[in-house]
Amino acid sequence: MQLLLDNSWILLSGLRQTFQLAVVTLACVTVVSVLIGMLSVARYRWARIVAICYVEFFRDIPLLVNMLFVYFGAPLLGLPLSPYGAALISLTLWGGANGAEIVRGGINAVPRHQTVSAVALGLKPWEIFRYIVLPQALLPILPPFTGLFANLVQATTLASLVGVTEFFRIGGIIVERTTLQEGHSPAFLVYGFVLVVYFVICSLLTALSRRLERNLQRRGGRVAQVATPRESV
Amino acid sequence: MSEAPVIRVRGLVKTFQGVRALDGVDFEVAHGEVVVVIGQSGSGKSTLIRCLNGLVEPDAGEVLVGGEAVDTHSQADWRRLRQRIGMVFQDYALFPHLTVTRNITLAPVRTGRATQAEAEELARQLLERVRLPEKAAAYPAELSGGQQQRVAIARALAMRPDAMLFDEPTSALDPETIQEVLDLMRELARDGMTMVIVSHEMGFAREVADRVVFIDRGRVVETGTPDAIFRNAREARTRDFLAKIL
Ligand SMILES: Nc1ncnc2c1ncn2[C@@H]1O[C@H](COP(=O)(O)OP(=O)(O)OP(=O)(O)O)[C@@H](O)[C@H]1O
Ligand SMILES: [Mg+2]
């Protein structure tokens with residue numbers, strides 16, 4: 001316990017790094033998700049094909065492989081990336097693929113007659129999307145998006161493998177240092193603590209997601225439901 | 001002086017996956033005329049009325065709005081014309097996330113037909129007219145089916161259309177609320193609105209229609225005054241249909 005208290009400052013800085021990475025990623029993921037989600041329901045075939053290829057590709061490769069590929073591949077293209085930059089990009093590519101599916105579900109859940117009656121009123125396609133479809137898609141995608149955020153927080157642990165000193169990596173550093181200095185390994189204690197922290201954060205987010213979902217259900221027919229996809233890291 | 005028909009179509013053909021929904025339809029509505037379209041389920045009534053404002057793109061045939069030929073494949077062309085043709089659907093399809101007032105003002109404001117203030121004033125007048133002034137700030141879910149349908153009519157009227165299309169506007173309503181919607185449509189007819197109405201309400205059709213059009217298997221079988229159709233139909237198919245539903 002003393003060990004954790006002694007290291008509380010760097011543990012906190014690791015936690016901050018984890019959150020910072022997760023939140024910045026979430027912002028980027030939201031943008032990518034909406035763009036790809038829109039492409040996936042676009043009128044043009046080529047747009048839908050691009051979206052499907054993107055989503056399938058990034059959902060079907062392990063996130064870790066994706067991250068290492070970005071980290072070691074970028075310098076070959078003349079773009080050396082910091083560990084943080086590589087983690088941000090690969091997490092965004094992965095989260096965007098999962099988020100796009102959520103957005104697509106949300107858009108598809110808006111009944112077709114909504115679009116038809118907006119068309120009949122003489123509104124333009126972008127106006128229909130902006131004023132009719134998007135606002136109705138937004139509420140039902142909120143719970144699955146909160147769930148996606150929980151998955152992103154978990155996925156940030158992989159960033160430690162390209163050298164981002166986030167919470168999980170800090171735990172590893174403490175274990176190594178203490179083992180060298182004191183000759184015995186506090187791995188169980190430290191990783192146990194790390195586990196509890198991730199568990200608390202993610203279960204809170206999951207609970208929030210459930211709650212949002214229940215609130216939406218209580219609104220009854222007002223909004224459509226979107227199934228929460230289960231992502232695997 | 002003969003005025004050009006508000007809407008006129010010639011030789012409309014539409015096939016859905018091998019099903020001939022329209023098989024060479026000629027149809028027109030004169031200014032101020034009320035036309036009621038009747039026919040069996042699947043005979044092509046909805047397809048026809050949707051061709052009149054471009055929601056369905058016909059495979060062949062021409063559409064003229066106010067005497068002007070429409071490029072039926074150009075959505076931009078249609079968008080301009082739709083602002084002159086209001087449409088009311090069976091399932092009312094109000095926008096559930098917007099208040100009644102916003103439902104009515106959205107299109108006039110977005111299409112530049114009115115400023116926000118003008119549109120709101122117009123919405124107030126229209127809600128008065130459809131007898132729902134107290135629902136201005138309500139959401140559609142708080143309204144009964146008949147009330148929602150009346151708001152949908154107000155929403156279409158807010159574009160100040162030259163003609164209104166109704167596709168079975170009372171079919172999804174509870175029997176108690178059907179009358180309030182029919183009453184409103186009667187008033188519109190009396191005020192001289194040009195209307196095309198697909199309806200199964202034969203009593204109503206007989207009363208408001210200037211002309212009744214009977215469609216069967218994608219073709220106009222017979223057209224005439226309500227008396228001519230309901231009492232002395234010439235075609236056996238018309239008489240069979242009427243015998244079944246009256
Ligand atoms: N979008 C579509 N896709 C495939 N087939 C369609 C479509 N719309 C209509 N049809 C078919 O075209 C034919 C005419 O349909 P339409 O909806 O115009 O009939 P209707 O007279 O309005 O019938 P109802 O009284 O049931 O509303 C039917 O056989 C229908 O199945
Ligand atoms: Mg129909």
# chains A, B, ... in the order shown; residues from 1 in each chain; ligands from 1

$ interface_residues --of "chain B" --to "chain A" --cutoff "7 Å" --atoms "only C-alpha atoms" --output "NGL selection string"
:B and (79-80 or 82-83 or 86-87 or 93 or 95-97 or 107 or 111 or 141)

$ write_last_selection --atoms "N, CA and C atoms" --output "compact mmCIF listing (two decimals), in the first residue's frame"
# COMPACT_ATOMS: atom_id res chain seq x y z
N ARG B 79 -37.35 19.49 -56.82
CA ARG B 79 -37.30 20.18 -55.53
C ARG B 79 -38.01 21.53 -55.64
N ARG B 80 -37.75 22.21 -56.76
CA ARG B 80 -38.37 23.52 -56.96
C ARG B 80 -39.89 23.36 -57.06
N ARG B 82 -41.80 20.86 -55.98
CA ARG B 82 -42.44 20.32 -54.78
C ARG B 82 -42.88 21.41 -53.84
N GLN B 83 -42.18 22.55 -53.92
CA GLN B 83 -42.57 23.64 -53.04
C GLN B 83 -43.94 24.17 -53.43
N GLY B 86 -48.13 20.42 -52.15
CA GLY B 86 -48.06 19.86 -50.80
C GLY B 86 -48.46 18.40 -50.81
N MET B 87 -47.92 17.64 -49.87
CA MET B 87 -48.33 16.24 -49.82
C MET B 87 -48.58 15.81 -48.38
N ALA B 93 -46.30 11.21 -40.47
CA ALA B 93 -44.85 11.46 -40.53
C ALA B 93 -44.46 12.88 -40.13
N PHE B 95 -42.25 15.35 -37.79
CA PHE B 95 -40.89 15.16 -37.29
C PHE B 95 -40.96 15.10 -35.77
N PRO B 96 -40.69 13.93 -35.16
CA PRO B 96 -40.97 13.75 -33.74
C PRO B 96 -40.09 14.59 -32.82
N HIS B 97 -38.92 15.03 -33.31
CA HIS B 97 -38.01 15.77 -32.45
C HIS B 97 -38.26 17.28 -32.50
N ALA B 107 -39.78 23.99 -43.31
CA ALA B 107 -39.64 24.03 -44.77
C ALA B 107 -39.78 25.45 -45.34
N THR B 111 -36.49 26.86 -47.32
CA THR B 111 -36.56 27.06 -48.76
C THR B 111 -36.64 28.54 -49.11
N ALA B 141 -45.67 13.49 -30.37
CA ALA B 141 -46.07 12.34 -29.58
C ALA B 141 -47.19 12.67 -28.60

$ residues_near_ligand --ligand "ligand 1" --cutoff "9 Å" --atoms "only C-alpha atoms and all ligand atoms" --output "PyMOL selection string"
chain B and resi 14-22+38-50+56+167-168+198-200+215-218

$ write_last_selection --atoms "N, CA and C atoms" --output "tab-separated table (two decimals), in the first residue's frame"
chain	number	residue	atom	x	y	z
B	14	LYS	N	-44.58	2.80	-64.80
B	14	LYS	CA	-43.63	2.53	-63.74
B	14	LYS	C	-43.64	1.05	-63.41
B	15	THR	N	-42.48	0.45	-63.42
B	15	THR	CA	-42.36	-0.98	-63.11
B	15	THR	C	-41.46	-1.15	-61.89
B	16	PHE	N	-41.94	-1.88	-60.90
B	16	PHE	CA	-41.11	-2.22	-59.74
B	16	PHE	C	-40.75	-3.69	-59.84
B	17	GLN	N	-39.49	-4.01	-60.05
B	17	GLN	CA	-39.06	-5.41	-60.10
B	17	GLN	C	-40.06	-6.30	-60.84
B	18	GLY	N	-40.36	-5.90	-62.04
B	18	GLY	CA	-41.24	-6.72	-62.86
B	18	GLY	C	-42.73	-6.50	-62.62
B	19	VAL	N	-43.08	-5.72	-61.58
B	19	VAL	CA	-44.50	-5.44	-61.35
B	19	VAL	C	-44.86	-4.12	-62.00
B	20	ARG	N	-45.83	-4.16	-62.91
B	20	ARG	CA	-46.28	-2.94	-63.55
B	20	ARG	C	-47.20	-2.18	-62.61
B	21	ALA	N	-46.68	-1.18	-61.92
B	21	ALA	CA	-47.53	-0.42	-61.00
B	21	ALA	C	-48.35	0.60	-61.78
B	22	LEU	N	-47.76	1.19	-62.80
B	22	LEU	CA	-48.48	2.11	-63.68
B	22	LEU	C	-48.25	1.66	-65.11
B	38	ILE	N	-59.69	6.33	-56.72
B	38	ILE	CA	-60.09	5.12	-56.01
B	38	ILE	C	-59.58	3.89	-56.76
B	39	GLY	N	-59.56	2.78	-56.07
B	39	GLY	CA	-59.10	1.54	-56.68
B	39	GLY	C	-58.65	0.57	-55.60
B	40	GLN	N	-58.49	-0.69	-56.03
B	40	GLN	CA	-58.11	-1.73	-55.07
B	40	GLN	C	-56.71	-1.51	-54.53
B	41	SER	N	-56.42	-2.21	-53.44
B	41	SER	CA	-55.07	-2.21	-52.92
B	41	SER	C	-54.12	-2.78	-53.98
B	42	GLY	N	-53.02	-2.07	-54.19
B	42	GLY	CA	-52.04	-2.54	-55.17
B	42	GLY	C	-52.35	-2.13	-56.59
B	43	SER	N	-53.39	-1.31	-56.80
B	43	SER	CA	-53.75	-0.95	-58.17
B	43	SER	C	-52.86	0.17	-58.73
B	44	GLY	N	-52.07	0.81	-57.85
B	44	GLY	CA	-51.15	1.84	-58.35
B	44	GLY	C	-51.50	3.26	-57.95
B	45	LYS	N	-52.43	3.42	-57.00
B	45	LYS	CA	-52.85	4.76	-56.60
B	45	LYS	C	-51.70	5.56	-55.97
B	46	SER	N	-51.01	4.92	-55.03
B	46	SER	CA	-49.90	5.63	-54.37
B	46	SER	C	-48.80	5.94	-55.37
B	47	THR	N	-48.52	4.98	-56.23
B	47	THR	CA	-47.47	5.21	-57.21
B	47	THR	C	-47.82	6.40	-58.10
B	48	LEU	N	-49.06	6.48	-58.50
B	48	LEU	CA	-49.49	7.60	-59.35
B	48	LEU	C	-49.32	8.93	-58.62
B	49	ILE	N	-49.84	8.99	-57.39
B	49	ILE	CA	-49.82	10.27	-56.69
B	49	ILE	C	-48.38	10.68	-56.36
B	50	ARG	N	-47.51	9.67	-56.16
B	50	ARG	CA	-46.11	9.97	-55.88
B	50	ARG	C	-45.35	10.41	-57.13
B	56	VAL	N	-41.71	9.31	-56.82
B	56	VAL	CA	-41.44	8.14	-57.65
B	56	VAL	C	-41.06	8.65	-59.04
B	167	ASP	N	-52.50	11.03	-49.76
B	167	ASP	CA	-52.50	9.58	-49.99
B	167	ASP	C	-53.13	8.88	-48.79
B	168	GLU	N	-54.35	8.50	-48.90
B	168	GLU	CA	-55.11	7.84	-47.83
B	168	GLU	C	-54.89	8.52	-46.47
B	198	VAL	N	-56.27	10.27	-52.67
B	198	VAL	CA	-56.48	8.83	-52.73
B	198	VAL	C	-57.25	8.48	-51.47
B	199	SER	N	-58.41	7.85	-51.63
B	199	SER	CA	-59.21	7.60	-50.44
B	199	SER	C	-60.09	6.38	-50.59
B	200	HIS	N	-60.32	5.74	-49.46
B	200	HIS	CA	-61.29	4.64	-49.42
B	200	HIS	C	-62.61	5.10	-48.81
B	215	ILE	N	-58.89	3.47	-60.78
B	215	ILE	CA	-57.67	2.84	-61.32
B	215	ILE	C	-57.69	1.36	-61.03
B	216	ASP	N	-57.29	0.57	-62.02
B	216	ASP	CA	-57.16	-0.86	-61.79
B	216	ASP	C	-55.93	-1.37	-62.53
B	217	ARG	N	-55.12	-2.12	-61.84
B	217	ARG	CA	-53.89	-2.69	-62.41
B	217	ARG	C	-53.08	-1.68	-63.22
B	218	GLY	N	-52.90	-0.52	-62.61
B	218	GLY	CA	-52.02	0.47	-63.23
B	218	GLY	C	-52.61	1.23	-64.39

$ closest_residue --among "B:Pro169, B:Pro58, B:Gly203, B:Pro226" --to "ligand 2" --atoms "only C-alpha atoms and all ligand atoms"
B:Pro169

$ residues_around --residues "Met202 of chain B" --least-positions-apart "5" --cutoff "12 Å" --atoms "only C-alpha atoms" --output "PyMOL selection string"
chain B and resi 36-39+168+182+197+207-209+212+214+226-227+229-230+241-246

$ residues_around --residues "Arg169 of chain A" --least-positions-apart "2" --cutoff "10 Å" --atoms "only C-alpha atoms" --output "list in words"
Leu11, Gly14, Thr18, Thr157, Leu158, Ala159, Ser160, Leu161, Gly163, Val164, Thr165, Glu166, Phe167, Gly171, Gly172, Ile173, Ile174, Val175 and Val194 of chain A

$ select_by_dssp --residues "segment 1-230 of chain B" --states "strand (DSSP E or B)" --output "mmCIF file with N, CA, C and O atoms, in the first residue's frame"
data_model
loop_
_atom_site.group_PDB
_atom_site.id
_atom_site.type_symbol
_atom_site.label_atom_id
_atom_site.label_comp_id
_atom_site.auth_asym_id
_atom_site.auth_seq_id
_atom_site.Cartn_x
_atom_site.Cartn_y
_atom_site.Cartn_z
ATOM 1 N N ILE B 7 -51.552 20.127 -62.675
ATOM 2 C CA ILE B 7 -50.656 18.990 -62.913
ATOM 3 C C ILE B 7 -51.261 18.158 -64.028
ATOM 4 O O ILE B 7 -52.470 17.941 -64.077
ATOM 5 N N ARG B 8 -50.402 17.702 -64.908
ATOM 6 C CA ARG B 8 -50.889 16.846 -65.978
ATOM 7 C C ARG B 8 -49.829 15.803 -66.286
ATOM 8 O O ARG B 8 -48.647 16.120 -66.373
ATOM 9 N N VAL B 9 -50.236 14.556 -66.403
ATOM 10 C CA VAL B 9 -49.278 13.509 -66.778
ATOM 11 C C VAL B 9 -49.815 12.764 -67.990
ATOM 12 O O VAL B 9 -51.028 12.660 -68.195
ATOM 13 N N ARG B 10 -48.895 12.278 -68.799
ATOM 14 C CA ARG B 10 -49.291 11.533 -69.995
ATOM 15 C C ARG B 10 -48.434 10.280 -70.119
ATOM 16 O O ARG B 10 -47.217 10.346 -70.020
ATOM 17 N N GLY B 11 -49.118 9.166 -70.322
ATOM 18 C CA GLY B 11 -48.426 7.901 -70.615
ATOM 19 C C GLY B 11 -47.452 7.441 -69.544
ATOM 20 O O GLY B 11 -46.400 6.892 -69.843
ATOM 21 N N LEU B 12 -47.810 7.648 -68.276
ATOM 22 C CA LEU B 12 -46.900 7.255 -67.202
ATOM 23 C C LEU B 12 -46.794 5.740 -67.108
ATOM 24 O O LEU B 12 -47.800 5.030 -67.072
ATOM 25 N N VAL B 13 -45.538 5.262 -67.044
ATOM 26 C CA VAL B 13 -45.275 3.839 -66.855
ATOM 27 C C VAL B 13 -44.290 3.705 -65.715
ATOM 28 O O VAL B 13 -43.308 4.442 -65.647
ATOM 29 N N LYS B 14 -44.585 2.801 -64.802
ATOM 30 C CA LYS B 14 -43.627 2.534 -63.736
ATOM 31 C C LYS B 14 -43.643 1.052 -63.408
ATOM 32 O O LYS B 14 -44.707 0.469 -63.169
ATOM 33 N N THR B 15 -42.476 0.446 -63.420
ATOM 34 C CA THR B 15 -42.364 -0.980 -63.108
ATOM 35 C C THR B 15 -41.461 -1.152 -61.891
ATOM 36 O O THR B 15 -40.376 -0.587 -61.846
ATOM 37 N N PHE B 16 -41.941 -1.878 -60.897
ATOM 38 C CA PHE B 16 -41.110 -2.224 -59.739
ATOM 39 C C PHE B 16 -40.753 -3.695 -59.840
ATOM 40 O O PHE B 16 -41.643 -4.538 -59.713
ATOM 41 N N VAL B 19 -43.079 -5.717 -61.575
ATOM 42 C CA VAL B 19 -44.503 -5.440 -61.347
ATOM 43 C C VAL B 19 -44.864 -4.116 -62.002
ATOM 44 O O VAL B 19 -44.266 -3.089 -61.700
ATOM 45 N N ARG B 20 -45.827 -4.157 -62.913
ATOM 46 C CA ARG B 20 -46.281 -2.937 -63.554
ATOM 47 C C ARG B 20 -47.202 -2.181 -62.605
ATOM 48 O O ARG B 20 -48.384 -2.524 -62.498
ATOM 49 N N ALA B 21 -46.677 -1.185 -61.923
ATOM 50 C CA ALA B 21 -47.530 -0.422 -61.004
ATOM 51 C C ALA B 21 -48.355 0.600 -61.780
ATOM 52 O O ALA B 21 -49.508 0.862 -61.437
ATOM 53 N N LEU B 22 -47.757 1.191 -62.800
ATOM 54 C CA LEU B 22 -48.480 2.108 -63.678
ATOM 55 C C LEU B 22 -48.253 1.656 -65.114
ATOM 56 O O LEU B 22 -47.133 1.366 -65.501
ATOM 57 N N ASP B 23 -49.331 1.627 -65.883
ATOM 58 C CA ASP B 23 -49.237 1.035 -67.214
ATOM 59 C C ASP B 23 -49.840 1.996 -68.241
ATOM 60 O O ASP B 23 -50.851 1.694 -68.868
ATOM 61 N N GLY B 24 -49.229 3.175 -68.332
ATOM 62 C CA GLY B 24 -49.718 4.141 -69.311
ATOM 63 C C GLY B 24 -50.883 4.966 -68.769
ATOM 64 O O GLY B 24 -52.018 4.841 -69.219
ATOM 65 N N VAL B 25 -50.597 5.807 -67.795
ATOM 66 C CA VAL B 25 -51.666 6.586 -67.165
ATOM 67 C C VAL B 25 -51.661 8.025 -67.677
ATOM 68 O O VAL B 25 -50.625 8.684 -67.696
ATOM 69 N N ASP B 26 -52.812 8.497 -68.116
ATOM 70 C CA ASP B 26 -53.026 9.911 -68.411
ATOM 71 C C ASP B 26 -53.906 10.459 -67.291
ATOM 72 O O ASP B 26 -54.873 9.813 -66.895
ATOM 73 N N PHE B 27 -53.546 11.651 -66.830
ATOM 74 C CA PHE B 27 -54.250 12.159 -65.662
ATOM 75 C C PHE B 27 -54.016 13.654 -65.600
ATOM 76 O O PHE B 27 -52.931 14.128 -65.940
ATOM 77 N N GLU B 28 -55.035 14.406 -65.196
ATOM 78 C CA GLU B 28 -54.778 15.825 -64.982
ATOM 79 C C GLU B 28 -55.719 16.403 -63.928
ATOM 80 O O GLU B 28 -56.782 15.849 -63.638
ATOM 81 N N VAL B 29 -55.264 17.491 -63.317
ATOM 82 C CA VAL B 29 -56.075 18.217 -62.342
ATOM 83 C C VAL B 29 -56.115 19.662 -62.782
ATOM 84 O O VAL B 29 -55.069 20.273 -62.997
ATOM 85 N N VAL B 34 -61.131 19.147 -57.402
ATOM 86 C CA VAL B 34 -60.863 18.110 -56.408
ATOM 87 C C VAL B 34 -61.069 16.756 -57.086
ATOM 88 O O VAL B 34 -62.170 16.437 -57.535
ATOM 89 N N VAL B 35 -59.978 16.005 -57.192
ATOM 90 C CA VAL B 35 -60.041 14.704 -57.849
ATOM 91 C C VAL B 35 -59.804 13.627 -56.804
ATOM 92 O O VAL B 35 -58.834 13.690 -56.052
ATOM 93 N N VAL B 36 -60.707 12.662 -56.734
ATOM 94 C CA VAL B 36 -60.509 11.552 -55.810
ATOM 95 C C VAL B 36 -60.157 10.312 -56.620
ATOM 96 O O VAL B 36 -60.838 9.987 -57.594
ATOM 97 N N VAL B 37 -59.060 9.669 -56.238
ATOM 98 C CA VAL B 37 -58.594 8.476 -56.931
ATOM 99 C C VAL B 37 -58.988 7.261 -56.103
ATOM 100 O O VAL B 37 -58.682 7.193 -54.907
ATOM 101 N N ILE B 38 -59.695 6.333 -56.723
ATOM 102 C CA ILE B 38 -60.092 5.118 -56.008
ATOM 103 C C ILE B 38 -59.584 3.893 -56.758
ATOM 104 O O ILE B 38 -59.219 3.978 -57.943
ATOM 105 N N GLY B 39 -59.563 2.781 -56.066
ATOM 106 C CA GLY B 39 -59.096 1.539 -56.676
ATOM 107 C C GLY B 39 -58.652 0.575 -55.605
ATOM 108 O O GLY B 39 -58.443 0.959 -54.449
ATOM 109 N N ALA B 60 -41.363 5.926 -67.897
ATOM 110 C CA ALA B 60 -41.683 6.600 -69.152
ATOM 111 C C ALA B 60 -42.882 7.496 -68.924
ATOM 112 O O ALA B 60 -43.628 7.317 -67.945
ATOM 113 N N GLY B 61 -43.075 8.440 -69.811
ATOM 114 C CA GLY B 61 -44.206 9.343 -69.693
ATOM 115 C C GLY B 61 -43.740 10.730 -69.335
ATOM 116 O O GLY B 61 -42.590 10.939 -68.957
ATOM 117 N N GLU B 62 -44.644 11.694 -69.488
ATOM 118 C CA GLU B 62 -44.256 13.060 -69.153
ATOM 119 C C GLU B 62 -45.146 13.648 -68.069
ATOM 120 O O GLU B 62 -46.301 13.271 -67.899
ATOM 121 N N VAL B 63 -44.533 14.553 -67.322
ATOM 122 C CA VAL B 63 -45.231 15.240 -66.241
ATOM 123 C C VAL B 63 -45.131 16.728 -66.514
ATOM 124 O O VAL B 63 -44.048 17.235 -66.798
ATOM 125 N N LEU B 64 -46.269 17.419 -66.470
ATOM 126 C CA LEU B 64 -46.266 18.874 -66.626
ATOM 127 C C LEU B 64 -46.862 19.506 -65.381
ATOM 128 O O LEU B 64 -47.944 19.116 -64.945
ATOM 129 N N VAL B 65 -46.154 20.440 -64.808
ATOM 130 C CA VAL B 65 -46.673 21.162 -63.652
ATOM 131 C C VAL B 65 -46.882 22.606 -64.075
ATOM 132 O O VAL B 65 -45.944 23.267 -64.526
ATOM 133 N N GLU B 68 -45.639 23.434 -67.407
ATOM 134 C CA GLU B 68 -44.197 23.347 -67.638
ATOM 135 C C GLU B 68 -43.756 21.886 -67.561
ATOM 136 O O GLU B 68 -44.053 21.190 -66.589
ATOM 137 N N ALA B 69 -43.057 21.407 -68.593
ATOM 138 C CA ALA B 69 -42.611 20.013 -68.596
ATOM 139 C C ALA B 69 -41.505 19.830 -67.562
ATOM 140 O O ALA B 69 -40.590 20.639 -67.462
ATOM 141 N N ILE B 85 -46.351 21.967 -54.502
ATOM 142 C CA ILE B 85 -47.295 20.856 -54.381
ATOM 143 C C ILE B 85 -47.138 20.240 -52.989
ATOM 144 O O ILE B 85 -46.124 19.638 -52.685
ATOM 145 N N GLY B 86 -48.135 20.422 -52.147
ATOM 146 C CA GLY B 86 -48.061 19.863 -50.804
ATOM 147 C C GLY B 86 -48.462 18.404 -50.811
ATOM 148 O O GLY B 86 -49.238 17.978 -51.665
ATOM 149 N N MET B 87 -47.915 17.640 -49.866
ATOM 150 C CA MET B 87 -48.326 16.240 -49.816
ATOM 151 C C MET B 87 -48.578 15.807 -48.375
ATOM 152 O O MET B 87 -47.840 16.160 -47.465
ATOM 153 N N VAL B 88 -49.642 15.035 -48.199
ATOM 154 C CA VAL B 88 -49.987 14.500 -46.881
ATOM 155 C C VAL B 88 -50.063 12.981 -47.012
ATOM 156 O O VAL B 88 -50.691 12.463 -47.936
ATOM 157 N N ALA B 163 -51.305 23.120 -55.169
ATOM 158 C CA ALA B 163 -52.135 21.907 -55.122
ATOM 159 C C ALA B 163 -51.703 21.066 -53.936
ATOM 160 O O ALA B 163 -50.579 21.171 -53.461
ATOM 161 N N MET B 164 -52.635 20.233 -53.453
ATOM 162 C CA MET B 164 -52.319 19.343 -52.340
ATOM 163 C C MET B 164 -52.604 17.910 -52.762
ATOM 164 O O MET B 164 -53.646 17.621 -53.365
ATOM 165 N N LEU B 165 -51.673 17.011 -52.415
ATOM 166 C CA LEU B 165 -51.864 15.592 -52.677
ATOM 167 C C LEU B 165 -52.093 14.888 -51.350
ATOM 168 O O LEU B 165 -51.380 15.133 -50.375
ATOM 169 N N PHE B 166 -53.096 14.025 -51.310
ATOM 170 C CA PHE B 166 -53.388 13.278 -50.080
ATOM 171 C C PHE B 166 -53.373 11.793 -50.409
ATOM 172 O O PHE B 166 -54.150 11.346 -51.255
ATOM 173 N N ASP B 167 -52.503 11.029 -49.758
ATOM 174 C CA ASP B 167 -52.498 9.583 -49.994
ATOM 175 C C ASP B 167 -53.127 8.881 -48.791
ATOM 176 O O ASP B 167 -52.482 8.698 -47.758
ATOM 177 N N THR B 194 -56.839 23.165 -54.947
ATOM 178 C CA THR B 194 -56.725 22.072 -55.913
ATOM 179 C C THR B 194 -56.232 20.832 -55.165
ATOM 180 O O THR B 194 -55.216 20.909 -54.473
ATOM 181 N N MET B 195 -56.981 19.739 -55.281
ATOM 182 C CA MET B 195 -56.590 18.573 -54.483
ATOM 183 C C MET B 195 -56.692 17.276 -55.271
ATOM 184 O O MET B 195 -57.626 17.087 -56.054
ATOM 185 N N VAL B 196 -55.716 16.389 -55.037
ATOM 186 C CA VAL B 196 -55.798 15.012 -55.518
ATOM 187 C C VAL B 196 -55.804 14.136 -54.278
ATOM 188 O O VAL B 196 -54.895 14.224 -53.445
ATOM 189 N N ILE B 197 -56.836 13.336 -54.133
ATOM 190 C CA ILE B 197 -57.014 12.576 -52.899
ATOM 191 C C ILE B 197 -57.167 11.089 -53.222
ATOM 192 O O ILE B 197 -58.068 10.706 -53.975
ATOM 193 N N VAL B 198 -56.272 10.271 -52.669
ATOM 194 C CA VAL B 198 -56.481 8.831 -52.729
ATOM 195 C C VAL B 198 -57.249 8.477 -51.471
ATOM 196 O O VAL B 198 -56.812 8.813 -50.366
ATOM 197 N N ARG B 211 -64.392 15.184 -59.552
ATOM 198 C CA ARG B 211 -64.188 14.106 -60.488
ATOM 199 C C ARG B 211 -63.614 12.913 -59.725
ATOM 200 O O ARG B 211 -62.829 13.086 -58.788
ATOM 201 N N VAL B 212 -64.046 11.720 -60.113
ATOM 202 C CA VAL B 212 -63.537 10.502 -59.498
ATOM 203 C C VAL B 212 -62.799 9.715 -60.572
ATOM 204 O O VAL B 212 -63.265 9.609 -61.714
ATOM 205 N N VAL B 213 -61.631 9.194 -60.207
ATOM 206 C CA VAL B 213 -60.842 8.404 -61.147
ATOM 207 C C VAL B 213 -60.694 7.004 -60.578
ATOM 208 O O VAL B 213 -60.247 6.844 -59.445
ATOM 209 N N PHE B 214 -61.116 6.013 -61.355
ATOM 210 C CA PHE B 214 -60.981 4.630 -60.888
ATOM 211 C C PHE B 214 -59.796 3.986 -61.589
ATOM 212 O O PHE B 214 -59.718 3.978 -62.821
ATOM 213 N N ILE B 215 -58.886 3.468 -60.782
ATOM 214 C CA ILE B 215 -57.670 2.845 -61.318
ATOM 215 C C ILE B 215 -57.692 1.355 -61.026
ATOM 216 O O ILE B 215 -58.092 0.936 -59.932
ATOM 217 N N ASP B 216 -57.286 0.573 -62.016
ATOM 218 C CA ASP B 216 -57.161 -0.860 -61.788
ATOM 219 C C ASP B 216 -55.927 -1.368 -62.526
ATOM 220 O O ASP B 216 -55.734 -1.051 -63.701
ATOM 221 N N ARG B 219 -53.906 1.093 -64.614
ATOM 222 C CA ARG B 219 -54.540 1.830 -65.712
ATOM 223 C C ARG B 219 -55.755 2.583 -65.202
ATOM 224 O O ARG B 219 -56.467 2.099 -64.323
ATOM 225 N N VAL B 220 -56.016 3.738 -65.809
ATOM 226 C CA VAL B 220 -57.251 4.455 -65.500
ATOM 227 C C VAL B 220 -58.372 3.748 -66.258
ATOM 228 O O VAL B 220 -58.370 3.706 -67.485
ATOM 229 N N VAL B 221 -59.287 3.162 -65.507
ATOM 230 C CA VAL B 221 -60.370 2.422 -66.149
ATOM 231 C C VAL B 221 -61.518 3.350 -66.503
ATOM 232 O O VAL B 221 -62.106 3.266 -67.570
ATOM 233 N N GLU B 222 -61.805 4.252 -65.578
ATOM 234 C CA GLU B 222 -62.963 5.109 -65.799
ATOM 235 C C GLU B 222 -62.806 6.384 -64.996
ATOM 236 O O GLU B 222 -62.271 6.376 -63.888
ATOM 237 N N THR B 223 -63.285 7.468 -65.550
ATOM 238 C CA THR B 223 -63.233 8.726 -64.820
ATOM 239 C C THR B 223 -64.510 9.509 -65.099
ATOM 240 O O THR B 223 -65.062 9.441 -66.197
ATOM 241 N N GLY B 224 -65.001 10.196 -64.086
ATOM 242 C CA GLY B 224 -66.251 10.946 -64.279
ATOM 243 C C GLY B 224 -66.672 11.622 -62.994
ATOM 244 O O GLY B 224 -65.979 11.553 -61.976
#

$ atom_distance --atom1 "atom CA of Ala22 of chain A" --atom2 "atom CA of Phe168 of chain A"
13.3 Å

$ select_by_dssp --residues "segment 127-202 of chain B" --states "helix (DSSP H, G or I)" --output "number ranges by chain"
B: 127-129, 133-135, 140-142, 145-157, 175-190, 202

$ closest_residue --among "B:Gln147, B:Phe204, B:Asp91, B:Thr101" --to "ligand 2" --atoms "only C-alpha atoms and all ligand atoms"
B:Asp91

$ atom_distance --atom1 "atom CA of Arg239 of chain B" --atom2 "atom CA of Thr177 of chain B"
29.6 Å
